[in-house]
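Visitor: File name input11.pdb; file contents PDB, N, CA and C atoms; full text below.
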ATOM      1  N   MET D   1       3.043   7.421 -18.712  1.00  0.00           N
ATOM      2  CA  MET D   1       2.732   7.631 -17.299  1.00  0.00           C
ATOM      3  C   MET D   1       3.942   7.224 -16.455  1.00  0.00           C
ATOM      4  N   SER D   2       4.259   8.035 -15.482  1.00  0.00           N
ATOM      5  CA  SER D   2       5.421   7.739 -14.645  1.00  0.00           C
ATOM      6  C   SER D   2       5.065   6.719 -13.576  1.00  0.00           C
ATOM      7  N   HIS D   3       6.088   6.140 -13.012  1.00  0.00           N
ATOM      8  CA  HIS D   3       5.917   5.149 -11.955  1.00  0.00           C
ATOM      9  C   HIS D   3       5.405   5.829 -10.690  1.00  0.00           C
ATOM     10  N   THR D   4       4.420   5.228 -10.061  1.00  0.00           N
ATOM     11  CA  THR D   4       3.901   5.746  -8.797  1.00  0.00           C
ATOM     12  C   THR D   4       4.799   5.266  -7.670  1.00  0.00           C
ATOM     13  N   PRO D   5       5.385   6.173  -6.886  1.00  0.00           N
ATOM     14  CA  PRO D   5       6.222   5.743  -5.765  1.00  0.00           C
ATOM     15  C   PRO D   5       5.398   5.062  -4.678  1.00  0.00           C
ATOM     16  N   HIS D   6       6.063   4.302  -3.872  1.00  0.00           N
ATOM     17  CA  HIS D   6       5.470   3.641  -2.689  1.00  0.00           C
ATOM     18  C   HIS D   6       4.492   2.525  -3.017  1.00  0.00           C
ATOM     19  N   GLU D   7       4.571   1.950  -4.218  1.00  0.00           N
ATOM     20  CA  GLU D   7       3.744   0.779  -4.492  1.00  0.00           C
ATOM     21  C   GLU D   7       4.190  -0.328  -3.543  1.00  0.00           C
ATOM     22  N   LEU D   8       3.325  -1.315  -3.304  1.00  0.00           N
ATOM     23  CA  LEU D   8       3.668  -2.390  -2.372  1.00  0.00           C
ATOM     24  C   LEU D   8       4.933  -3.131  -2.800  1.00  0.00           C
ATOM     25  N   ALA D   9       5.130  -3.302  -4.096  1.00  0.00           N
ATOM     26  CA  ALA D   9       6.351  -3.969  -4.578  1.00  0.00           C
ATOM     27  C   ALA D   9       7.599  -3.167  -4.216  1.00  0.00           C
ATOM     28  N   ASP D  10       7.464  -1.848  -4.104  1.00  0.00           N
ATOM     29  CA  ASP D  10       8.585  -0.985  -3.692  1.00  0.00           C
ATOM     30  C   ASP D  10       8.784  -1.050  -2.176  1.00  0.00           C
ATOM     31  N   GLU D  11       7.671  -1.111  -1.448  1.00  0.00           N
ATOM     32  CA  GLU D  11       7.732  -1.144   0.014  1.00  0.00           C
ATOM     33  C   GLU D  11       8.298  -2.467   0.519  1.00  0.00           C
ATOM     34  N   PHE D  12       8.007  -3.541  -0.212  1.00  0.00           N
ATOM     35  CA  PHE D  12       8.435  -4.893   0.187  1.00  0.00           C
ATOM     36  C   PHE D  12       9.140  -5.578  -0.986  1.00  0.00           C
ATOM     37  N   PRO D  13      10.300  -5.043  -1.403  1.00  0.00           N
ATOM     38  CA  PRO D  13      10.945  -5.542  -2.630  1.00  0.00           C
ATOM     39  C   PRO D  13      11.366  -7.014  -2.565  1.00  0.00           C
ATOM     40  N   GLN D  14      11.619  -7.543  -1.388  1.00  0.00           N
ATOM     41  CA  GLN D  14      12.046  -8.939  -1.252  1.00  0.00           C
ATOM     42  C   GLN D  14      10.865  -9.898  -1.177  1.00  0.00           C
ATOM     43  N   ASP D  15       9.669  -9.345  -1.111  1.00  0.00           N
ATOM     44  CA  ASP D  15       8.509 -10.174  -0.781  1.00  0.00           C
ATOM     45  C   ASP D  15       7.467 -10.260  -1.891  1.00  0.00           C
ATOM     46  N   GLY D  16       7.881 -10.103  -3.125  1.00  0.00           N
ATOM     47  CA  GLY D  16       6.936 -10.142  -4.245  1.00  0.00           C
ATOM     48  C   GLY D  16       6.137 -11.421  -4.302  1.00  0.00           C
ATOM     49  N   GLU D  17       6.793 -12.542  -4.081  1.00  0.00           N
ATOM     50  CA  GLU D  17       6.122 -13.844  -4.137  1.00  0.00           C
ATOM     51  C   GLU D  17       5.078 -13.961  -3.020  1.00  0.00           C
ATOM     52  N   VAL D  18       5.457 -13.534  -1.812  1.00  0.00           N
ATOM     53  CA  VAL D  18       4.543 -13.590  -0.669  1.00  0.00           C
ATOM     54  C   VAL D  18       3.361 -12.639  -0.906  1.00  0.00           C
ATOM     55  N   LEU D  19       3.645 -11.444  -1.411  1.00  0.00           N
ATOM     56  CA  LEU D  19       2.583 -10.485  -1.727  1.00  0.00           C
ATOM     57  C   LEU D  19       1.570 -11.115  -2.682  1.00  0.00           C
ATOM     58  N   HIS D  20       2.074 -11.711  -3.745  1.00  0.00           N
ATOM     59  CA  HIS D  20       1.198 -12.296  -4.758  1.00  0.00           C
ATOM     60  C   HIS D  20       0.357 -13.425  -4.149  1.00  0.00           C
ATOM     61  N   LYS D  21       0.999 -14.298  -3.386  1.00  0.00           N
ATOM     62  CA  LYS D  21       0.297 -15.435  -2.778  1.00  0.00           C
ATOM     63  C   LYS D  21      -0.790 -14.938  -1.812  1.00  0.00           C
ATOM     64  N   LEU D  22      -0.453 -13.958  -0.989  1.00  0.00           N
ATOM     65  CA  LEU D  22      -1.445 -13.424  -0.052  1.00  0.00           C
ATOM     66  C   LEU D  22      -2.621 -12.782  -0.793  1.00  0.00           C
ATOM     67  N   LYS D  23      -2.336 -12.057  -1.862  1.00  0.00           N
ATOM     68  CA  LYS D  23      -3.404 -11.425  -2.645  1.00  0.00           C
ATOM     69  C   LYS D  23      -4.349 -12.483  -3.226  1.00  0.00           C
ATOM     70  N   MET D  24      -3.784 -13.629  -3.643  1.00  0.00           N
ATOM     71  CA  MET D  24      -4.581 -14.690  -4.240  1.00  0.00           C
ATOM     72  C   MET D  24      -5.371 -15.482  -3.189  1.00  0.00           C
ATOM     73  N   ASP D  25      -4.755 -15.716  -2.027  1.00  0.00           N
ATOM     74  CA  ASP D  25      -5.297 -16.664  -1.051  1.00  0.00           C
ATOM     75  C   ASP D  25      -6.026 -16.029   0.127  1.00  0.00           C
ATOM     76  N   ASN D  26      -5.849 -14.727   0.342  1.00  0.00           N
ATOM     77  CA  ASN D  26      -6.376 -14.107   1.558  1.00  0.00           C
ATOM     78  C   ASN D  26      -7.217 -12.890   1.174  1.00  0.00           C
ATOM     79  N   LYS D  27      -8.534 -13.029   1.307  1.00  0.00           N
ATOM     80  CA  LYS D  27      -9.439 -11.935   0.892  1.00  0.00           C
ATOM     81  C   LYS D  27      -9.186 -10.655   1.684  1.00  0.00           C
ATOM     82  N   HIS D  28      -8.929 -10.798   2.981  1.00  0.00           N
ATOM     83  CA  HIS D  28      -8.661  -9.607   3.813  1.00  0.00           C
ATOM     84  C   HIS D  28      -7.392  -8.908   3.321  1.00  0.00           C
ATOM     85  N   PHE D  29      -6.354  -9.684   3.035  1.00  0.00           N
ATOM     86  CA  PHE D  29      -5.112  -9.093   2.533  1.00  0.00           C
ATOM     87  C   PHE D  29      -5.349  -8.404   1.190  1.00  0.00           C
ATOM     88  N   ALA D  30      -6.106  -9.057   0.312  1.00  0.00           N
ATOM     89  CA  ALA D  30      -6.391  -8.473  -1.007  1.00  0.00           C
ATOM     90  C   ALA D  30      -7.120  -7.138  -0.852  1.00  0.00           C
ATOM     91  N   LYS D  31      -8.054  -7.083   0.107  1.00  0.00           N
ATOM     92  CA  LYS D  31      -8.792  -5.838   0.361  1.00  0.00           C
ATOM     93  C   LYS D  31      -7.841  -4.754   0.890  1.00  0.00           C
ATOM     94  N   LEU D  32      -6.957  -5.127   1.811  1.00  0.00           N
ATOM     95  CA  LEU D  32      -5.974  -4.171   2.338  1.00  0.00           C
ATOM     96  C   LEU D  32      -5.065  -3.663   1.225  1.00  0.00           C
ATOM     97  N   ALA D  33      -4.588  -4.585   0.396  1.00  0.00           N
ATOM     98  CA  ALA D  33      -3.685  -4.208  -0.704  1.00  0.00           C
ATOM     99  C   ALA D  33      -4.397  -3.262  -1.666  1.00  0.00           C
ATOM    100  N   ASN D  34      -5.665  -3.527  -1.943  1.00  0.00           N
ATOM    101  CA  ASN D  34      -6.438  -2.668  -2.829  1.00  0.00           C
ATOM    102  C   ASN D  34      -6.636  -1.285  -2.213  1.00  0.00           C
ATOM    103  N   SER D  35      -6.960  -1.245  -0.927  1.00  0.00           N
ATOM    104  CA  SER D  35      -7.113   0.040  -0.222  1.00  0.00           C
ATOM    105  C   SER D  35      -5.796   0.819  -0.249  1.00  0.00           C
ATOM    106  N   TYR D  36      -4.692   0.107   0.013  1.00  0.00           N
ATOM    107  CA  TYR D  36      -3.382   0.744  -0.010  1.00  0.00           C
ATOM    108  C   TYR D  36      -3.131   1.354  -1.384  1.00  0.00           C
ATOM    109  N   HIS D  37      -3.408   0.575  -2.420  1.00  0.00           N
ATOM    110  CA  HIS D  37      -3.181   1.023  -3.792  1.00  0.00           C
ATOM    111  C   HIS D  37      -3.980   2.306  -4.082  1.00  0.00           C
ATOM    112  N   GLU D  38      -5.248   2.320  -3.683  1.00  0.00           N
ATOM    113  CA  GLU D  38      -6.098   3.494  -3.926  1.00  0.00           C
ATOM    114  C   GLU D  38      -5.589   4.722  -3.177  1.00  0.00           C
ATOM    115  N   VAL D  39      -5.256   4.553  -1.899  1.00  0.00           N
ATOM    116  CA  VAL D  39      -4.757   5.670  -1.085  1.00  0.00           C
ATOM    117  C   VAL D  39      -3.427   6.167  -1.642  1.00  0.00           C
ATOM    118  N   ASN D  40      -2.540   5.241  -1.993  1.00  0.00           N
ATOM    119  CA  ASN D  40      -1.233   5.619  -2.511  1.00  0.00           C
ATOM    120  C   ASN D  40      -1.353   6.388  -3.829  1.00  0.00           C
ATOM    121  N   ARG D  41      -2.238   5.942  -4.707  1.00  0.00           N
ATOM    122  CA  ARG D  41      -2.433   6.651  -5.983  1.00  0.00           C
ATOM    123  C   ARG D  41      -2.964   8.062  -5.752  1.00  0.00           C
ATOM    124  N   GLU D  42      -3.888   8.187  -4.810  1.00  0.00           N
ATOM    125  CA  GLU D  42      -4.446   9.509  -4.511  1.00  0.00           C
ATOM    126  C   GLU D  42      -3.350  10.434  -3.969  1.00  0.00           C
ATOM    127  N   ILE D  43      -2.509   9.927  -3.083  1.00  0.00           N
ATOM    128  CA  ILE D  43      -1.388  10.721  -2.560  1.00  0.00           C
ATOM    129  C   ILE D  43      -0.469  11.131  -3.712  1.00  0.00           C
ATOM    130  N   HIS D  44      -0.189  10.208  -4.603  1.00  0.00           N
ATOM    131  CA  HIS D  44       0.685  10.507  -5.740  1.00  0.00           C
ATOM    132  C   HIS D  44       0.088  11.617  -6.611  1.00  0.00           C
ATOM    133  N   ARG D  45      -1.234  11.552  -6.855  1.00  0.00           N
ATOM    134  CA  ARG D  45      -1.876  12.599  -7.669  1.00  0.00           C
ATOM    135  C   ARG D  45      -1.792  13.954  -6.970  1.00  0.00           C
ATOM    136  N   ILE D  46      -1.947  13.957  -5.642  1.00  0.00           N
ATOM    137  CA  ILE D  46      -1.850  15.207  -4.878  1.00  0.00           C
ATOM    138  C   ILE D  46      -0.418  15.741  -4.941  1.00  0.00           C
ATOM    139  N   GLU D  47       0.568  14.862  -4.705  1.00  0.00           N
ATOM    140  CA  GLU D  47       1.973  15.285  -4.713  1.00  0.00           C
ATOM    141  C   GLU D  47       2.432  15.707  -6.105  1.00  0.00           C
ATOM    142  N   SER D  48       1.803  15.156  -7.140  1.00  0.00           N
ATOM    143  CA  SER D  48       2.131  15.525  -8.522  1.00  0.00           C
ATOM    144  C   SER D  48       1.353  16.755  -8.967  1.00  0.00           C
ATOM    145  N   GLU D  49       0.551  17.296  -8.050  1.00  0.00           N
ATOM    146  CA  GLU D  49      -0.274  18.480  -8.287  1.00  0.00           C
ATOM    147  C   GLU D  49      -1.295  18.266  -9.397  1.00  0.00           C
ATOM    148  N   ILE D  50      -1.723  17.007  -9.570  1.00  0.00           N
ATOM    149  CA  ILE D  50      -2.810  16.695 -10.493  1.00  0.00           C
ATOM    150  C   ILE D  50      -4.129  16.991  -9.784  1.00  0.00           C
ATOM    151  N   GLU D  51      -4.153  16.759  -8.472  1.00  0.00           N
ATOM    152  CA  GLU D  51      -5.326  17.055  -7.654  1.00  0.00           C
ATOM    153  C   GLU D  51      -4.928  18.051  -6.566  1.00  0.00           C
ATOM    154  N   ASN D  52      -5.831  18.978  -6.293  1.00  0.00           N
ATOM    155  CA  ASN D  52      -5.612  19.917  -5.196  1.00  0.00           C
ATOM    156  C   ASN D  52      -6.438  19.484  -3.999  1.00  0.00           C
ATOM    157  N   THR D  53      -5.874  19.645  -2.825  1.00  0.00           N
ATOM    158  CA  THR D  53      -6.602  19.307  -1.607  1.00  0.00           C
ATOM    159  C   THR D  53      -5.980  20.067  -0.446  1.00  0.00           C
ATOM    160  N   SER D  54      -6.609  19.956   0.697  1.00  0.00           N
ATOM    161  CA  SER D  54      -6.051  20.612   1.882  1.00  0.00           C
ATOM    162  C   SER D  54      -4.863  19.804   2.402  1.00  0.00           C
ATOM    163  N   ASP D  55      -3.968  20.477   3.101  1.00  0.00           N
ATOM    164  CA  ASP D  55      -2.834  19.794   3.731  1.00  0.00           C
ATOM    165  C   ASP D  55      -3.327  18.770   4.743  1.00  0.00           C
ATOM    166  N   GLU D  56      -4.408  19.110   5.434  1.00  0.00           N
ATOM    167  CA  GLU D  56      -4.959  18.201   6.440  1.00  0.00           C
ATOM    168  C   GLU D  56      -5.401  16.892   5.802  1.00  0.00           C
ATOM    169  N   TYR D  57      -6.084  16.993   4.659  1.00  0.00           N
ATOM    170  CA  TYR D  57      -6.558  15.789   3.971  1.00  0.00           C
ATOM    171  C   TYR D  57      -5.368  14.965   3.468  1.00  0.00           C
ATOM    172  N   ALA D  58      -4.371  15.634   2.918  1.00  0.00           N
ATOM    173  CA  ALA D  58      -3.173  14.929   2.444  1.00  0.00           C
ATOM    174  C   ALA D  58      -2.491  14.200   3.602  1.00  0.00           C
ATOM    175  N   GLU D  59      -2.404  14.838   4.754  1.00  0.00           N
ATOM    176  CA  GLU D  59      -1.798  14.195   5.931  1.00  0.00           C
ATOM    177  C   GLU D  59      -2.625  13.003   6.407  1.00  0.00           C
ATOM    178  N   THR D  60      -3.939  13.148   6.363  1.00  0.00           N
ATOM    179  CA  THR D  60      -4.818  12.034   6.735  1.00  0.00           C
ATOM    180  C   THR D  60      -4.570  10.840   5.824  1.00  0.00           C
ATOM    181  N   LEU D  61      -4.449  11.105   4.529  1.00  0.00           N
ATOM    182  CA  LEU D  61      -4.173  10.023   3.571  1.00  0.00           C
ATOM    183  C   LEU D  61      -2.826   9.358   3.864  1.00  0.00           C
ATOM    184  N   LYS D  62      -1.825  10.162   4.176  1.00  0.00           N
ATOM    185  CA  LYS D  62      -0.492   9.599   4.457  1.00  0.00           C
ATOM    186  C   LYS D  62      -0.521   8.726   5.714  1.00  0.00           C
ATOM    187  N   LYS D  63      -1.296   9.151   6.724  1.00  0.00           N
ATOM    188  CA  LYS D  63      -1.431   8.333   7.934  1.00  0.00           C
ATOM    189  C   LYS D  63      -2.161   7.034   7.626  1.00  0.00           C
ATOM    190  N   GLN D  64      -3.172   7.111   6.758  1.00  0.00           N
ATOM    191  CA  GLN D  64      -3.900   5.916   6.323  1.00  0.00           C
ATOM    192  C   GLN D  64      -2.945   4.956   5.616  1.00  0.00           C
ATOM    193  N   ARG D  65      -2.133   5.500   4.715  1.00  0.00           N
ATOM    194  CA  ARG D  65      -1.175   4.669   3.968  1.00  0.00           C
ATOM    195  C   ARG D  65      -0.206   3.998   4.929  1.00  0.00           C
ATOM    196  N   LEU D  66       0.268   4.737   5.917  1.00  0.00           N
ATOM    197  CA  LEU D  66       1.210   4.182   6.893  1.00  0.00           C
ATOM    198  C   LEU D  66       0.566   3.061   7.704  1.00  0.00           C
ATOM    199  N   ALA D  67      -0.669   3.260   8.127  1.00  0.00           N
ATOM    200  CA  ALA D  67      -1.375   2.225   8.890  1.00  0.00           C
ATOM    201  C   ALA D  67      -1.569   0.975   8.029  1.00  0.00           C
ATOM    202  N   LEU D  68      -1.922   1.169   6.765  1.00  0.00           N
ATOM    203  CA  LEU D  68      -2.110   0.031   5.862  1.00  0.00           C
ATOM    204  C   LEU D  68      -0.802  -0.709   5.624  1.00  0.00           C
ATOM    205  N   VAL D  69       0.283   0.027   5.410  1.00  0.00           N
ATOM    206  CA  VAL D  69       1.570  -0.624   5.153  1.00  0.00           C
ATOM    207  C   VAL D  69       2.039  -1.377   6.393  1.00  0.00           C
ATOM    208  N   ASP D  70       1.740  -0.860   7.572  1.00  0.00           N
ATOM    209  CA  ASP D  70       2.081  -1.569   8.813  1.00  0.00           C
ATOM    210  C   ASP D  70       1.314  -2.883   8.921  1.00  0.00           C
ATOM    211  N   GLU D  71       0.011  -2.830   8.645  1.00  0.00           N
ATOM    212  CA  GLU D  71      -0.812  -4.042   8.737  1.00  0.00           C
ATOM    213  C   GLU D  71      -0.405  -5.059   7.663  1.00  0.00           C
ATOM    214  N   ILE D  72      -0.163  -4.573   6.459  1.00  0.00           N
ATOM    215  CA  ILE D  72       0.276  -5.454   5.368  1.00  0.00           C
ATOM    216  C   ILE D  72       1.628  -6.077   5.710  1.00  0.00           C
ATOM    217  N   GLY D  73       2.543  -5.267   6.239  1.00  0.00           N
ATOM    218  CA  GLY D  73       3.862  -5.772   6.630  1.00  0.00           C
ATOM    219  C   GLY D  73       3.767  -6.855   7.692  1.00  0.00           C
ATOM    220  N   ALA D  74       2.861  -6.665   8.644  1.00  0.00           N
ATOM    221  CA  ALA D  74       2.663  -7.667   9.695  1.00  0.00           C
ATOM    222  C   ALA D  74       2.128  -8.968   9.106  1.00  0.00           C
ATOM    223  N   MET D  75       1.228  -8.859   8.142  1.00  0.00           N
ATOM    224  CA  MET D  75       0.679 -10.063   7.504  1.00  0.00           C
ATOM    225  C   MET D  75       1.734 -10.778   6.666  1.00  0.00           C
ATOM    226  N   ILE D  76       2.594 -10.014   6.011  1.00  0.00           N
ATOM    227  CA  ILE D  76       3.694 -10.617   5.238  1.00  0.00           C
ATOM    228  C   ILE D  76       4.639 -11.357   6.181  1.00  0.00           C
ATOM    229  N   ALA D  77       5.000 -10.713   7.289  1.00  0.00           N
ATOM    230  CA  ALA D  77       5.910 -11.335   8.263  1.00  0.00           C
ATOM    231  C   ALA D  77       5.309 -12.620   8.815  1.00  0.00           C
ATOM    232  N   LYS D  78       4.014 -12.596   9.111  1.00  0.00           N
ATOM    233  CA  LYS D  78       3.335 -13.782   9.641  1.00  0.00           C
ATOM    234  C   LYS D  78       3.337 -14.905   8.597  1.00  0.00           C
ATOM    235  N   ALA D  79       3.065 -14.546   7.346  1.00  0.00           N
ATOM    236  CA  ALA D  79       3.043 -15.550   6.266  1.00  0.00           C
ATOM    237  C   ALA D  79       4.426 -16.153   6.059  1.00  0.00           C
ATOM    238  N   LYS D  80       5.449 -15.318   6.142  1.00  0.00           N
ATOM    239  CA  LYS D  80       6.823 -15.813   5.973  1.00  0.00           C
ATOM    240  C   LYS D  80       7.223 -16.710   7.136  1.00  0.00           C
ATOM    241  N   ALA D  81       6.802 -16.376   8.335  1.00  0.00           N
ATOM    242  CA  ALA D  81       7.125 -17.174   9.519  1.00  0.00           C
ATOM    243  C   ALA D  81       6.442 -18.538   9.456  1.00  0.00           C
ATOM    244  N   ALA D  82       5.248 -18.564   8.858  1.00  0.00           N
ATOM    245  CA  ALA D  82       4.482 -19.819   8.765  1.00  0.00           C
ATOM    246  C   ALA D  82       4.969 -20.701   7.627  1.00  0.00           C
ATOM    247  N   ALA D  83       5.708 -20.112   6.698  1.00  0.00           N
ATOM    248  CA  ALA D  83       6.157 -20.865   5.511  1.00  0.00           C
ATOM    249  C   ALA D  83       7.279 -21.838   5.841  1.00  0.00           C
TER     250      ALA D  83
END
The structure given in the file should be rewritten as structure tokens.
Guide:
Amino acid sequence: MSHTPHELADEFPQDGEVLHKLKMDNKHFAKLANSYHEVNREIHRIESEIENTSDEYAETLKKQRLALVDEIGAMIAKAKAAA
């Protein structure tokens, strides 16, 4: 199986430790990370032509992924500032 692009570790390559700590300690963050993972995998399957869907649905998923990555990024920044 090939690597799925846009995983959180790829989006935040310098923040692996913070990502892991937030996933362990913050239920809301863990839920966001899980949602991001699910949306990102679905986008990858669509882009790999494993799943067919409408362009509108694919765009909706990409907007969802962007919103999640923004919220996750804000939580990472806040955690780093508090550290």
Visitor: Using only C-alpha atoms, which protein or nucleic acid residues come within 8 Å of segment 9-21 of chain D? Drop anything in the same chain fewer than 4 positions from it, and give the result as a ChimeraX atom specification.
Guide: /D:5,25,73,76,79-80
Visitor: Write the residues you've just listed into a file as a PDB file, keeping the file's coordinate frame, and include N, CA and C atoms for each of them.
Guide:
ATOM      1  N   PRO D   5       5.385   6.173  -6.886  1.00  0.00           N
ATOM      2  CA  PRO D   5       6.222   5.743  -5.765  1.00  0.00           C
ATOM      3  C   PRO D   5       5.398   5.062  -4.678  1.00  0.00           C
ATOM      4  N   ASP D  25      -4.755 -15.716  -2.027  1.00  0.00           N
ATOM      5  CA  ASP D  25      -5.297 -16.664  -1.051  1.00  0.00           C
ATOM      6  C   ASP D  25      -6.026 -16.029   0.127  1.00  0.00           C
ATOM      7  N   GLY D  73       2.543  -5.267   6.239  1.00  0.00           N
ATOM      8  CA  GLY D  73       3.862  -5.772   6.630  1.00  0.00           C
ATOM      9  C   GLY D  73       3.767  -6.855   7.692  1.00  0.00           C
ATOM     10  N   ILE D  76       2.594 -10.014   6.011  1.00  0.00           N
ATOM     11  CA  ILE D  76       3.694 -10.617   5.238  1.00  0.00           C
ATOM     12  C   ILE D  76       4.639 -11.357   6.181  1.00  0.00           C
ATOM     13  N   ALA D  79       3.065 -14.546   7.346  1.00  0.00           N
ATOM     14  CA  ALA D  79       3.043 -15.550   6.266  1.00  0.00           C
ATOM     15  C   ALA D  79       4.426 -16.153   6.059  1.00  0.00           C
ATOM     16  N   LYS D  80       5.449 -15.318   6.142  1.00  0.00           N
ATOM     17  CA  LYS D  80       6.823 -15.813   5.973  1.00  0.00           C
ATOM     18  C   LYS D  80       7.223 -16.710   7.136  1.00  0.00           C
TER      19      LYS D  80
END
Visitor: If you measure from atom CA of Tyr57 of chain D to atom CA of Glu42 of chain D, what distance in Å do you get, rounded to one decimal?
Guide: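 About the pair atom CA of Tyr57 of chain D and atom CA of Glu42 of chain D: they are 10.8 Å apart.
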Visitor: Could you please determine the separation between atom CA of Leu61 of chain D and atom CA of Met75 of chain D in Å, to one decimal place?
Guide: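 Going from atom CA of Leu61 of chain D over to atom CA of Met75 of chain D, I get 21.0 Å.
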Visitor: Based on DSSP run over this structure's backbone, return all residues of chain D in alpha helix (DSSP H), as number ranges by chain.
Guide: D: 8-11, 16-25, 27-47, 55-82
Visitor: Using Å and a single decimal, report how far atom N of His37 of chain D sits from atom C of Arg65 of chain D.
Guide: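 Going from atom C of Arg65 of chain D over to atom N of His37 of chain D covers 8.7 Å.
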Visitor: Please put the answer as AutoDock Vina command-line options: centre and edge lengths, in Å with one decimal, of a box along x, y and z that encloses all listed atoms of segment 77-83 of chain D plus 3 Å on each side.
Guide:
--center_x 5.2 --center_y -16.3 --center_z 7.6 --size_x 10.2 --size_y 17.1 --size_z 10.1
Visitor: So, with only C-alpha atoms as the atoms that count, which of D:Lys78, D:Glu59, D:His44, D:Glu71 lies closest to His28 of chain D?
Guide: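 The closest residue to His28 of chain D is D:Glu71.
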Visitor: Compile the contact shell of Ala33 of chain D as a PDB file with N, CA and C atoms, in the coordinates of the input: residues with an atom at most 10 Å away, counting only C-alpha atoms, same-chain residues fewer than 6 positions apart removed.
Guide:
ATOM      1  N   GLU D   7       4.571   1.950  -4.218  1.00  0.00           N
ATOM      2  CA  GLU D   7       3.744   0.779  -4.492  1.00  0.00           C
ATOM      3  C   GLU D   7       4.190  -0.328  -3.543  1.00  0.00           C
ATOM      4  N   LEU D   8       3.325  -1.315  -3.304  1.00  0.00           N
ATOM      5  CA  LEU D   8       3.668  -2.390  -2.372  1.00  0.00           C
ATOM      6  C   LEU D   8       4.933  -3.131  -2.800  1.00  0.00           C
ATOM      7  N   LEU D  19       3.645 -11.444  -1.411  1.00  0.00           N
ATOM      8  CA  LEU D  19       2.583 -10.485  -1.727  1.00  0.00           C
ATOM      9  C   LEU D  19       1.570 -11.115  -2.682  1.00  0.00           C
ATOM     10  N   LEU D  22      -0.453 -13.958  -0.989  1.00  0.00           N
ATOM     11  CA  LEU D  22      -1.445 -13.424  -0.052  1.00  0.00           C
ATOM     12  C   LEU D  22      -2.621 -12.782  -0.793  1.00  0.00           C
ATOM     13  N   LYS D  23      -2.336 -12.057  -1.862  1.00  0.00           N
ATOM     14  CA  LYS D  23      -3.404 -11.425  -2.645  1.00  0.00           C
ATOM     15  C   LYS D  23      -4.349 -12.483  -3.226  1.00  0.00           C
ATOM     16  N   LYS D  27      -8.534 -13.029   1.307  1.00  0.00           N
ATOM     17  CA  LYS D  27      -9.439 -11.935   0.892  1.00  0.00           C
ATOM     18  C   LYS D  27      -9.186 -10.655   1.684  1.00  0.00           C
ATOM     19  N   VAL D  39      -5.256   4.553  -1.899  1.00  0.00           N
ATOM     20  CA  VAL D  39      -4.757   5.670  -1.085  1.00  0.00           C
ATOM     21  C   VAL D  39      -3.427   6.167  -1.642  1.00  0.00           C
ATOM     22  N   LEU D  68      -1.922   1.169   6.765  1.00  0.00           N
ATOM     23  CA  LEU D  68      -2.110   0.031   5.862  1.00  0.00           C
ATOM     24  C   LEU D  68      -0.802  -0.709   5.624  1.00  0.00           C
ATOM     25  N   VAL D  69       0.283   0.027   5.410  1.00  0.00           N
ATOM     26  CA  VAL D  69       1.570  -0.624   5.153  1.00  0.00           C
ATOM     27  C   VAL D  69       2.039  -1.377   6.393  1.00  0.00           C
ATOM     28  N   GLU D  71       0.011  -2.830   8.645  1.00  0.00           N
ATOM     29  CA  GLU D  71      -0.812  -4.042   8.737  1.00  0.00           C
ATOM     30  C   GLU D  71      -0.405  -5.059   7.663  1.00  0.00           C
ATOM     31  N   ILE D  72      -0.163  -4.573   6.459  1.00  0.00           N
ATOM     32  CA  ILE D  72       0.276  -5.454   5.368  1.00  0.00           C
ATOM     33  C   ILE D  72       1.628  -6.077   5.710  1.00  0.00           C
TER      34      ILE D  72
END
